[in-house]
>>> print(open('final_4.txt').read())   # compact mmCIF, C-alpha atoms
# COMPACT_ATOMS: atom_id res chain seq x y z
CA MET A 192 95.45 109.07 88.16
CA GLU A 193 97.24 110.43 91.22
CA PRO A 194 97.45 108.19 94.29
CA ILE A 195 95.22 108.65 97.32
CA GLU A 196 97.32 107.60 100.27
CA PRO A 197 95.40 107.98 103.58
CA GLU A 198 95.69 104.53 105.11
CA ALA A 199 92.35 104.75 106.87
CA ALA A 200 90.56 104.95 103.52
CA PHE A 201 91.04 101.19 103.17
CA TRP A 202 89.36 100.32 106.46
CA ALA A 203 85.69 100.23 107.37
CA ALA A 204 84.75 102.78 110.01
CA GLY A 205 83.51 101.88 113.45
CA GLU A 206 85.00 98.39 113.65
CA GLU A 207 86.86 97.27 116.73
CA THR A 208 88.63 94.49 114.82
CA GLY A 209 90.16 94.50 111.38
CA CYS A 210 87.63 94.94 108.61
CA LEU A 211 88.95 95.95 105.24
CA ARG A 212 86.94 98.36 103.15
CA ALA A 213 84.86 96.35 100.68
CA GLU A 214 85.14 98.69 97.71
CA PRO A 215 88.45 100.60 97.48
CA GLY A 216 87.35 101.70 94.02
CA ALA A 217 89.89 103.86 92.27
CA LEU A 218 92.25 104.04 95.24
CA ALA A 219 95.86 103.19 94.41
CA LEU A 220 99.17 103.33 96.24
CA ASP A 221 102.37 104.53 94.60
CA THR A 222 105.90 103.57 95.58
CA ALA A 223 109.16 104.70 94.03
CA HIS A 224 108.89 102.27 91.10
CA LEU A 225 105.45 100.69 91.43
CA ARG A 226 101.74 101.35 91.55
CA LEU A 227 99.55 99.06 93.63
CA ARG A 228 96.00 99.17 92.34
CA PRO A 229 92.85 97.08 92.88
CA MET A 230 92.45 93.97 90.74
CA ARG A 231 90.34 94.08 87.58
CA ALA A 232 88.58 91.30 85.69
CA ASP A 233 90.77 91.81 82.62
CA ASP A 234 93.91 91.17 84.70
CA ALA A 235 93.30 87.47 84.09
CA GLN A 236 94.78 87.83 80.60
CA THR A 237 98.03 89.07 82.16
CA ILE A 238 98.13 86.76 85.17
CA PHE A 239 97.65 83.60 83.11
CA PRO A 240 100.95 83.71 81.15
CA LEU A 241 102.90 85.04 84.13
CA LEU A 242 101.91 82.13 86.38
CA ASN A 243 101.90 79.40 83.73
CA ASP A 244 105.61 79.03 84.43
CA TRP A 245 107.05 76.19 86.47
CA GLU A 246 109.86 78.40 87.77
CA MET A 247 107.14 80.57 89.30
CA ALA A 248 104.85 77.81 90.55
CA LYS A 249 107.41 75.40 92.02
CA ASN A 250 108.25 77.64 94.97
CA THR A 251 104.66 78.41 95.95
CA ALA A 252 102.18 76.47 98.06
CA SER A 253 98.93 77.36 96.30
CA ILE A 254 99.61 78.16 92.62
CA PRO A 255 98.68 75.16 90.45
CA PHE A 256 100.70 74.06 87.44
CA PRO A 257 99.95 74.04 84.59
CA TYR A 258 98.17 77.33 85.21
CA ARG A 259 95.15 78.03 83.02
CA LEU A 260 93.22 81.14 82.11
CA GLU A 261 90.35 79.69 84.14
CA ASP A 262 92.62 79.59 87.19
CA ALA A 263 93.37 83.29 86.79
CA GLN A 264 89.70 84.10 86.41
CA GLY A 265 88.88 82.04 89.51
CA PHE A 266 91.60 83.83 91.47
CA ILE A 267 90.21 87.25 90.55
CA ALA A 268 86.67 86.14 91.42
CA LYS A 269 87.88 84.91 94.82
CA VAL A 270 89.68 88.21 95.41
CA ALA A 271 86.48 90.10 94.59
CA SER A 272 84.44 87.94 96.97
CA GLU A 273 86.93 88.23 99.84
CA THR A 274 87.23 91.98 99.28
CA ALA A 275 83.45 92.43 99.30
CA ALA A 276 83.32 90.54 102.59
CA GLY A 277 85.94 92.86 104.09
CA ARG A 278 88.41 90.05 104.63
CA ALA A 279 91.09 90.84 102.05
CA LEU A 280 92.76 93.42 99.87
CA VAL A 281 94.81 92.23 96.93
CA PHE A 282 96.59 94.66 94.64
CA ALA A 283 97.86 94.28 91.13
CA ILE A 284 101.46 95.47 90.96
CA GLU A 285 102.25 97.71 88.01
CA GLU A 286 105.53 99.25 86.93
CA ARG A 287 105.03 103.00 87.03
CA ILE A 288 107.16 103.51 83.90
CA SER A 289 105.63 100.85 81.61
CA GLY A 290 102.18 100.61 83.20
CA GLN A 291 102.43 96.82 82.87
CA MET A 292 101.08 94.50 85.54
CA ILE A 293 103.95 92.37 86.85
CA GLY A 294 102.56 90.66 89.95
CA CYS A 295 100.29 90.80 93.00
CA VAL A 296 100.59 91.66 96.68
CA GLY A 297 97.99 91.64 99.40
CA ALA A 298 96.68 90.36 102.69
CA THR A 299 93.82 88.51 104.29
CA VAL A 300 92.83 89.65 107.77
CA ALA A 301 91.27 87.64 110.56
CA GLY A 302 90.68 89.74 113.66
CA ASP A 303 93.89 91.70 114.16
CA ILE A 304 96.18 89.21 112.39
CA ALA A 305 97.05 89.47 108.69
CA GLU A 306 98.55 86.91 106.35
CA VAL A 307 100.53 88.62 103.59
CA GLY A 308 101.48 87.22 100.21
CA TYR A 309 103.00 88.33 96.93
CA TRP A 310 104.42 87.16 93.63
CA ILE A 311 106.39 88.87 90.86
CA GLY A 312 106.65 87.64 87.26
CA ARG A 313 109.98 86.01 86.45
CA ASP A 314 111.05 88.73 83.97
CA CYS A 315 111.08 91.22 86.85
CA TRP A 316 112.96 89.17 89.43
CA GLY A 317 116.01 90.73 91.00
CA ARG A 318 114.83 94.36 90.82
CA GLY A 319 113.67 94.75 94.43
CA TYR A 320 110.03 95.03 93.38
CA ALA A 321 108.72 92.36 95.76
CA THR A 322 110.34 94.04 98.77
CA GLU A 323 109.04 97.45 97.69
CA ALA A 324 105.48 96.16 97.24
CA LEU A 325 105.50 94.19 100.49
CA ARG A 326 106.78 97.15 102.52
CA ARG A 327 103.94 99.28 101.17
CA CYS A 328 101.42 96.56 101.96
CA LEU A 329 102.69 96.27 105.54
CA ARG A 330 102.46 100.03 105.94
CA LEU A 331 98.82 99.88 104.84
CA LEU A 332 98.12 97.15 107.39
CA PHE A 333 99.96 98.61 110.37
CA ASP A 334 99.64 102.36 109.78
CA GLY A 335 95.98 102.68 108.96
CA GLY A 336 94.39 99.46 110.11
CA ARG A 337 93.93 97.53 113.28
CA VAL A 338 96.50 94.80 112.65
CA SER A 339 98.80 93.78 115.48
CA MET A 340 100.76 91.09 113.61
CA ALA A 341 101.46 90.06 110.03
CA TRP A 342 102.82 86.70 108.95
CA ALA A 343 103.75 84.75 105.83
CA SER A 344 104.94 81.28 104.92
CA VAL A 345 107.67 80.28 102.48
CA MET A 346 109.23 77.04 101.27
CA PRO A 347 112.66 76.57 102.88
CA GLU A 348 114.37 76.27 99.50
CA ASN A 349 112.88 79.56 98.28
CA GLN A 350 115.66 81.71 99.73
CA ALA A 351 114.92 84.67 97.44
CA SER A 352 111.39 84.99 98.80
CA ARG A 353 112.62 84.54 102.35
CA ARG A 354 115.06 87.43 101.85
CA VAL A 355 112.16 89.61 100.72
CA LEU A 356 110.30 88.84 103.95
CA GLU A 357 113.37 89.48 106.08
CA LYS A 358 114.14 92.80 104.36
CA ALA A 359 110.56 93.83 105.13
CA GLY A 360 111.22 93.06 108.81
CA LEU A 361 109.66 89.60 109.26
CA THR A 362 111.58 87.08 111.37
CA PHE A 363 111.48 83.29 111.58
CA ASP A 364 108.95 81.68 113.95
CA GLN A 365 108.75 78.00 113.11
CA ARG A 366 108.90 75.28 110.46
CA LYS A 367 106.00 72.88 110.16
CA ALA A 368 104.56 70.37 107.72
CA VAL A 369 101.35 71.42 105.96
CA PRO A 370 99.30 69.96 103.09
CA LEU A 371 99.77 71.78 99.77
CA SER A 372 96.49 71.46 97.92
CA ALA A 373 97.93 72.74 94.64
CA ARG A 374 100.61 70.02 94.70
CA GLY A 375 98.71 67.16 96.33
CA ILE A 376 101.54 66.70 98.83
CA THR A 377 102.55 67.58 102.36
CA ALA A 378 105.64 69.75 102.68
CA GLU A 379 107.47 71.75 105.29
CA LEU A 380 107.04 75.52 105.27
CA ASP A 381 108.87 78.22 107.19
CA TYR A 382 106.66 80.73 108.99
CA LEU A 383 107.86 84.30 109.54
CA SER A 384 106.07 87.17 111.25
CA ILE A 385 106.35 90.75 112.46
CA LEU A 386 104.56 92.47 115.32
CA ARG A 387 103.21 95.95 114.88
CA VAL A 388 105.43 97.24 117.72
CA ASP A 389 108.52 95.88 115.94
CA TRP A 390 107.42 97.38 112.63
CA GLU A 391 106.96 100.76 114.31
CA ARG A 392 110.40 100.47 115.91
CA GLY A 393 111.99 99.75 112.53
CA ARG A 394 110.13 102.67 110.97
CA SER A 395 111.46 105.01 113.65
CA LEU A 396 115.02 104.12 112.65
CA ARG A 397 114.71 104.78 108.92
CA PRO A 398 116.85 107.69 107.68
CA VAL A 399 115.59 111.12 106.65
CA LEU A 400 117.01 112.16 103.28
CA LEU A 401 117.40 115.91 102.67
CA VAL A 402 117.23 117.02 99.04
CA ALA A 403 116.90 120.48 97.45
CA ALA A 404 115.23 121.01 94.07
CA ALA A 405 114.62 123.90 91.70
CA ALA A 406 111.77 124.87 89.40
CA LEU A 407 113.75 126.68 86.66
CA LEU A 408 111.37 128.94 84.73
CA ASP A 409 112.15 130.36 81.28
CA VAL A 410 110.75 133.56 79.72
CA ASP A 411 107.76 131.60 78.38
CA GLY A 412 106.84 130.31 81.83
CA ARG A 413 107.95 126.76 81.08
CA VAL A 414 109.50 124.55 83.76
CA LEU A 415 112.65 122.49 83.28
CA LEU A 416 112.34 118.78 84.06
CA ALA A 417 115.19 116.26 84.05
CA GLN A 418 114.75 112.54 83.39
CA ARG A 419 116.63 110.23 85.73
CA PRO A 420 119.13 108.22 83.65
CA GLN A 421 119.60 104.46 83.61
CA GLY A 422 121.51 103.14 86.60
CA LYS A 423 119.88 105.54 89.06
CA SER A 424 116.96 104.81 91.34
CA MET A 425 113.63 105.59 89.65
CA ALA A 426 115.36 105.70 86.24
CA GLY A 427 113.12 107.05 83.50
CA GLN A 428 111.03 109.26 85.79
CA TRP A 429 111.08 113.05 85.45
CA GLU A 430 111.94 115.38 88.30
CA PHE A 431 112.86 118.93 89.24
CA PRO A 432 116.67 119.29 89.06
CA GLY A 433 118.54 119.21 92.34
CA GLY A 434 120.23 116.81 94.70
CA LYS A 435 121.19 115.71 98.19
CA LEU A 436 122.57 118.02 100.82
CA GLN A 437 126.12 117.30 101.91
CA PRO A 438 127.01 117.52 105.63
CA GLY A 439 126.92 121.13 106.76
CA GLU A 440 125.27 122.44 103.56
CA THR A 441 122.20 124.62 103.48
CA PRO A 442 119.51 123.73 100.91
CA GLU A 443 120.43 126.84 98.90
CA ALA A 444 124.16 126.00 98.84
CA ALA A 445 123.43 122.39 97.87
CA LEU A 446 121.14 123.51 95.07
CA ILE A 447 123.65 126.02 93.66
CA ARG A 448 126.30 123.26 93.64
CA GLU A 449 124.00 120.63 92.13
CA LEU A 450 122.73 122.90 89.34
CA GLN A 451 126.30 123.67 88.34
CA GLU A 452 127.32 120.00 88.44
CA GLU A 453 124.21 118.58 86.76
CA LEU A 454 123.26 121.33 84.29
CA GLY A 455 126.36 123.51 83.96
CA ILE A 456 124.56 126.69 85.04
CA ASN A 457 125.48 129.23 87.70
CA VAL A 458 122.77 130.44 90.03
CA GLY A 459 123.09 133.22 92.58
CA LEU A 460 121.69 132.87 96.06
CA SER A 461 119.41 135.88 95.53
CA CYS A 462 117.85 134.16 92.50
CA LEU A 463 116.43 131.29 94.56
CA ALA A 464 112.94 131.92 95.95
CA PRO A 465 111.60 129.34 98.46
CA LEU A 466 108.33 128.06 97.06
CA CYS A 467 107.12 124.93 98.88
CA PHE A 468 108.40 121.60 100.11
CA ALA A 469 107.68 117.88 99.89
CA SER A 470 107.62 115.48 102.83
CA HIS A 471 107.22 111.97 101.48
CA ASP A 472 107.46 108.50 102.99
CA TYR A 473 109.26 106.00 100.74
CA ASP A 474 108.88 103.27 103.41
CA HIS A 475 112.62 102.62 103.83
CA PHE A 476 113.52 106.33 104.08
CA HIS A 477 111.70 109.64 104.47
CA LEU A 478 112.32 112.44 101.98
CA LEU A 479 112.28 116.15 102.82
CA MET A 480 112.66 118.32 99.73
CA PRO A 481 112.31 122.11 99.57
CA LEU A 482 111.49 123.42 96.09
CA PHE A 483 112.91 126.81 95.02
CA ALA A 484 111.73 128.86 92.05
CA CYS A 485 114.45 130.34 89.86
CA ARG A 486 114.03 132.65 86.85
CA GLN A 487 117.62 133.85 86.35
CA TRP A 488 120.89 131.97 85.87
CA ARG A 489 124.03 132.10 83.78
CA GLY A 490 124.68 129.51 81.10
CA HIS A 491 122.55 127.13 79.06
CA PRO A 492 121.19 124.05 80.90
CA GLN A 493 122.63 120.79 79.60
CA GLY A 494 122.31 117.26 80.89
CA ARG A 495 125.87 116.71 82.10
CA GLU A 496 125.11 113.40 83.85
CA GLY A 497 123.30 111.60 81.03
CA GLN A 498 119.85 112.95 81.88
CA ARG A 499 117.39 114.15 79.25
CA LEU A 500 115.93 117.63 79.72
CA ALA A 501 112.53 119.01 78.76
CA TRP A 502 110.99 122.47 79.00
CA VAL A 503 107.36 121.85 79.96
CA SER A 504 104.40 124.19 80.21
CA PRO A 505 102.65 124.08 83.61
CA ALA A 506 99.52 122.61 82.02
CA MET A 507 101.53 119.66 80.66
CA LEU A 508 103.47 118.74 83.80
CA SER A 509 100.97 116.01 84.70
CA GLN A 510 101.83 114.22 81.45
CA TYR A 511 105.33 113.42 82.75
CA LEU A 512 105.75 110.48 85.11
CA MET A 513 107.39 111.85 88.24
CA PRO A 514 108.49 110.32 91.56
CA PRO A 515 105.65 110.27 94.10
CA ALA A 516 107.37 112.93 96.21
CA ASP A 517 107.32 115.42 93.32
CA LEU A 518 103.62 115.08 92.49
CA PRO A 519 102.24 117.41 95.22
CA LEU A 520 104.80 120.04 94.19
CA VAL A 521 103.30 120.19 90.69
CA ALA A 522 99.93 121.36 92.00
CA MET A 523 101.53 123.96 94.29
CA LEU A 524 103.76 125.20 91.46
CA ARG A 525 100.77 125.63 89.17
CA ASP A 526 98.92 127.64 91.82
CA TRP A 527 101.95 129.88 92.30
CA LEU A 528 102.36 130.47 88.57
>>> encode(input="final_4.txt", output="structure tokens")
Amino acid sequence: MEPIEPEAAFWAAGEETGCLRAEPGALALDTAHLRLRPMRADDAQTIFPLLNDWEMAKNTASIPFPYRLEDAQGFIAKVASETAAGRALVFAIEERISGQMIGCVGATVAGDIAEVGYWIGRDCWGRGYATEALRRCLRLLFDGGRVSMAWASVMPENQASRRVLEKAGLTFDQRKAVPLSARGITAELDYLSILRVDWERGRSLRPVLLVAAAALLDVDGRVLLAQRPQGKSMAGQWEFPGGKLQPGETPEAALIRELQEELGINVGLSCLAPLCFASHDYDHFHLLMPLFACRQWRGHPQGREGQRLAWVSPAMLSQYLMPPADLPLVAMLRDWL
């Protein structure tokens, strides 16, 4: 399933105040490493073992411990009810590579104010997934909805979660004592928030990354894909070969250099035909990537930087997991071929 990204698709039409669409259906949001999709009833079987973990529950205000399968089922039922009422959207977080659910992110909206929340299973801590999911959630709220402010609360000792909020742009407002129903105690929580105007200002400062890529086509009409190796961002995903432009480089010059460095092939300028381009928002940077078609080169392509290579027929390109920015290029490449 390819993502459908128009932010307005998640909001009911004709409302002056925030009203989330009751049935997002098959809509999903892709990030560099994650897919945010609507919750399903069978997610309870995954949520139960992830949250039945004291290391997870101890830093949260509302997750009970021990956590039972019935708790997970009740959570999903509550999500369904709040979604149907137009008051909430909660997404299951999946790894794009494994397809496994690893957590949740979402928001409840009252008027034009949203409370955001998230959790990530302990096995996936430290990978930046919470920040990536939260940034995408905030973009949904601010870009396509009618939200003027988003806020969240965190226990003071949960510094990892606080860093996630701060990296997403939220700043400290206040600390106050509140009752924690899941714990049967009263505890102090830190409250952080971000105004829409501040979110928009931060978005305006994010960098634009310029990358050039090539669709290398062999005599059988197959396209060369390269798999990003371990240690690189989006490792394991397949992409068109290419790379970043250096200062002063044209896209063609950068691509000729990158193909020689990455694949050991020599490409002439006249062999590069501009085909189409991608313009994709990765939340913390914006990618611009022209794609060139190339049918002639010297040498035999080899993965010189640890990447796997695959010659793929156009009809099979959709079977390879690719970065979100590359997906629209596949359809345009097929039409051209």
>>> atom_distance(input="final_4.txt", atom1="CA of Gly497 (chain A)", atom2="CA of Ala417 (chain A)")
9.8 Å
>>> closest_residue(input="final_4.txt", among="A:Asp233, A:Asp526, A:Glu449, A:Asp334", to="Glu391 (chain A)", atoms="all atoms listed in the file")
A:Asp334
>>> residues_around(input="final_4.txt", residues="Gly312 (chain A)", least_positions_apart="5", cutoff="6 Å", atoms="all atoms listed in the file", output="JSON, numbers by chain")
{"A": [241, 293, 294]}
>>> write_last_selection(input="final_4.txt", atoms="C-alpha atoms", output="PDB file, keeping the file's coordinate frame")
ATOM      1  CA  LEU A 241     102.900  85.040  84.130  1.00  0.00           C
ATOM      2  CA  ILE A 293     103.950  92.370  86.850  1.00  0.00           C
ATOM      3  CA  GLY A 294     102.560  90.660  89.950  1.00  0.00           C
TER       4      GLY A 294
END
>>> closest_atom_pairs(input="final_4.txt", of="region 373-465 of chain A", to="region 487-491 of chain A", cutoff="10 Å", atoms="only C-alpha atoms", output="Markdown table")
| residue | atom | partner | partner_atom | distance |
| --- | --- | --- | --- | --- |
| A:Leu407 | CA | A:Gln487 | CA | 8.2 |
| A:Leu408 | CA | A:Gln487 | CA | 8.1 |
| A:Asp409 | CA | A:Gln487 | CA | 8.2 |
| A:Val410 | CA | A:Gln487 | CA | 9.6 |
| A:Leu450 | CA | A:Trp488 | CA | 9.9 |
| A:Gln451 | CA | A:Gly490 | CA | 9.4 |
| A:Leu454 | CA | A:His491 | CA | 7.8 |
| A:Gly455 | CA | A:Gly490 | CA | 6.9 |
| A:Ile456 | CA | A:Gly490 | CA | 4.8 |
| A:Asn457 | CA | A:Arg489 | CA | 5.1 |
| A:Val458 | CA | A:Trp488 | CA | 4.8 |
| A:Gly459 | CA | A:Trp488 | CA | 7.2 |
| A:Ser461 | CA | A:Gln487 | CA | 9.6 |
| A:Cys462 | CA | A:Gln487 | CA | 6.2 |
| A:Leu463 | CA | A:Gln487 | CA | 8.7 |
>>> residues_around(input="final_4.txt", residues="Gln264 (chain A)", least_positions_apart="5", cutoff="9 Å", atoms="all atoms listed in the file", output="PyMOL selection string")
chain A and resi 232-236+238-239+259+269
>>> closest_atom_pairs(input="final_4.txt", of="region 225-287 of chain A", to="region 513-517 of chain A", cutoff="12 Å", atoms="all atoms listed in the file", output="CSV")
residue,atom,partner,partner_atom,distance
A:Leu225,CA,A:Pro515,CA,9.9
A:Arg226,CA,A:Pro515,CA,10.1
A:Arg287,CA,A:Met513,CA,9.2
>>> closest_residue(input="final_4.txt", among="A:Ala223, A:Leu325, A:Glu286, A:Met292", to="Leu518 (chain A)", atoms="only C-alpha atoms")
A:Ala223
>>> closest_residue(input="final_4.txt", among="A:Cys295, A:Ala506, A:Leu332, A:Leu415", to="Arg387 (chain A)", atoms="only C-alpha atoms")
A:Leu332
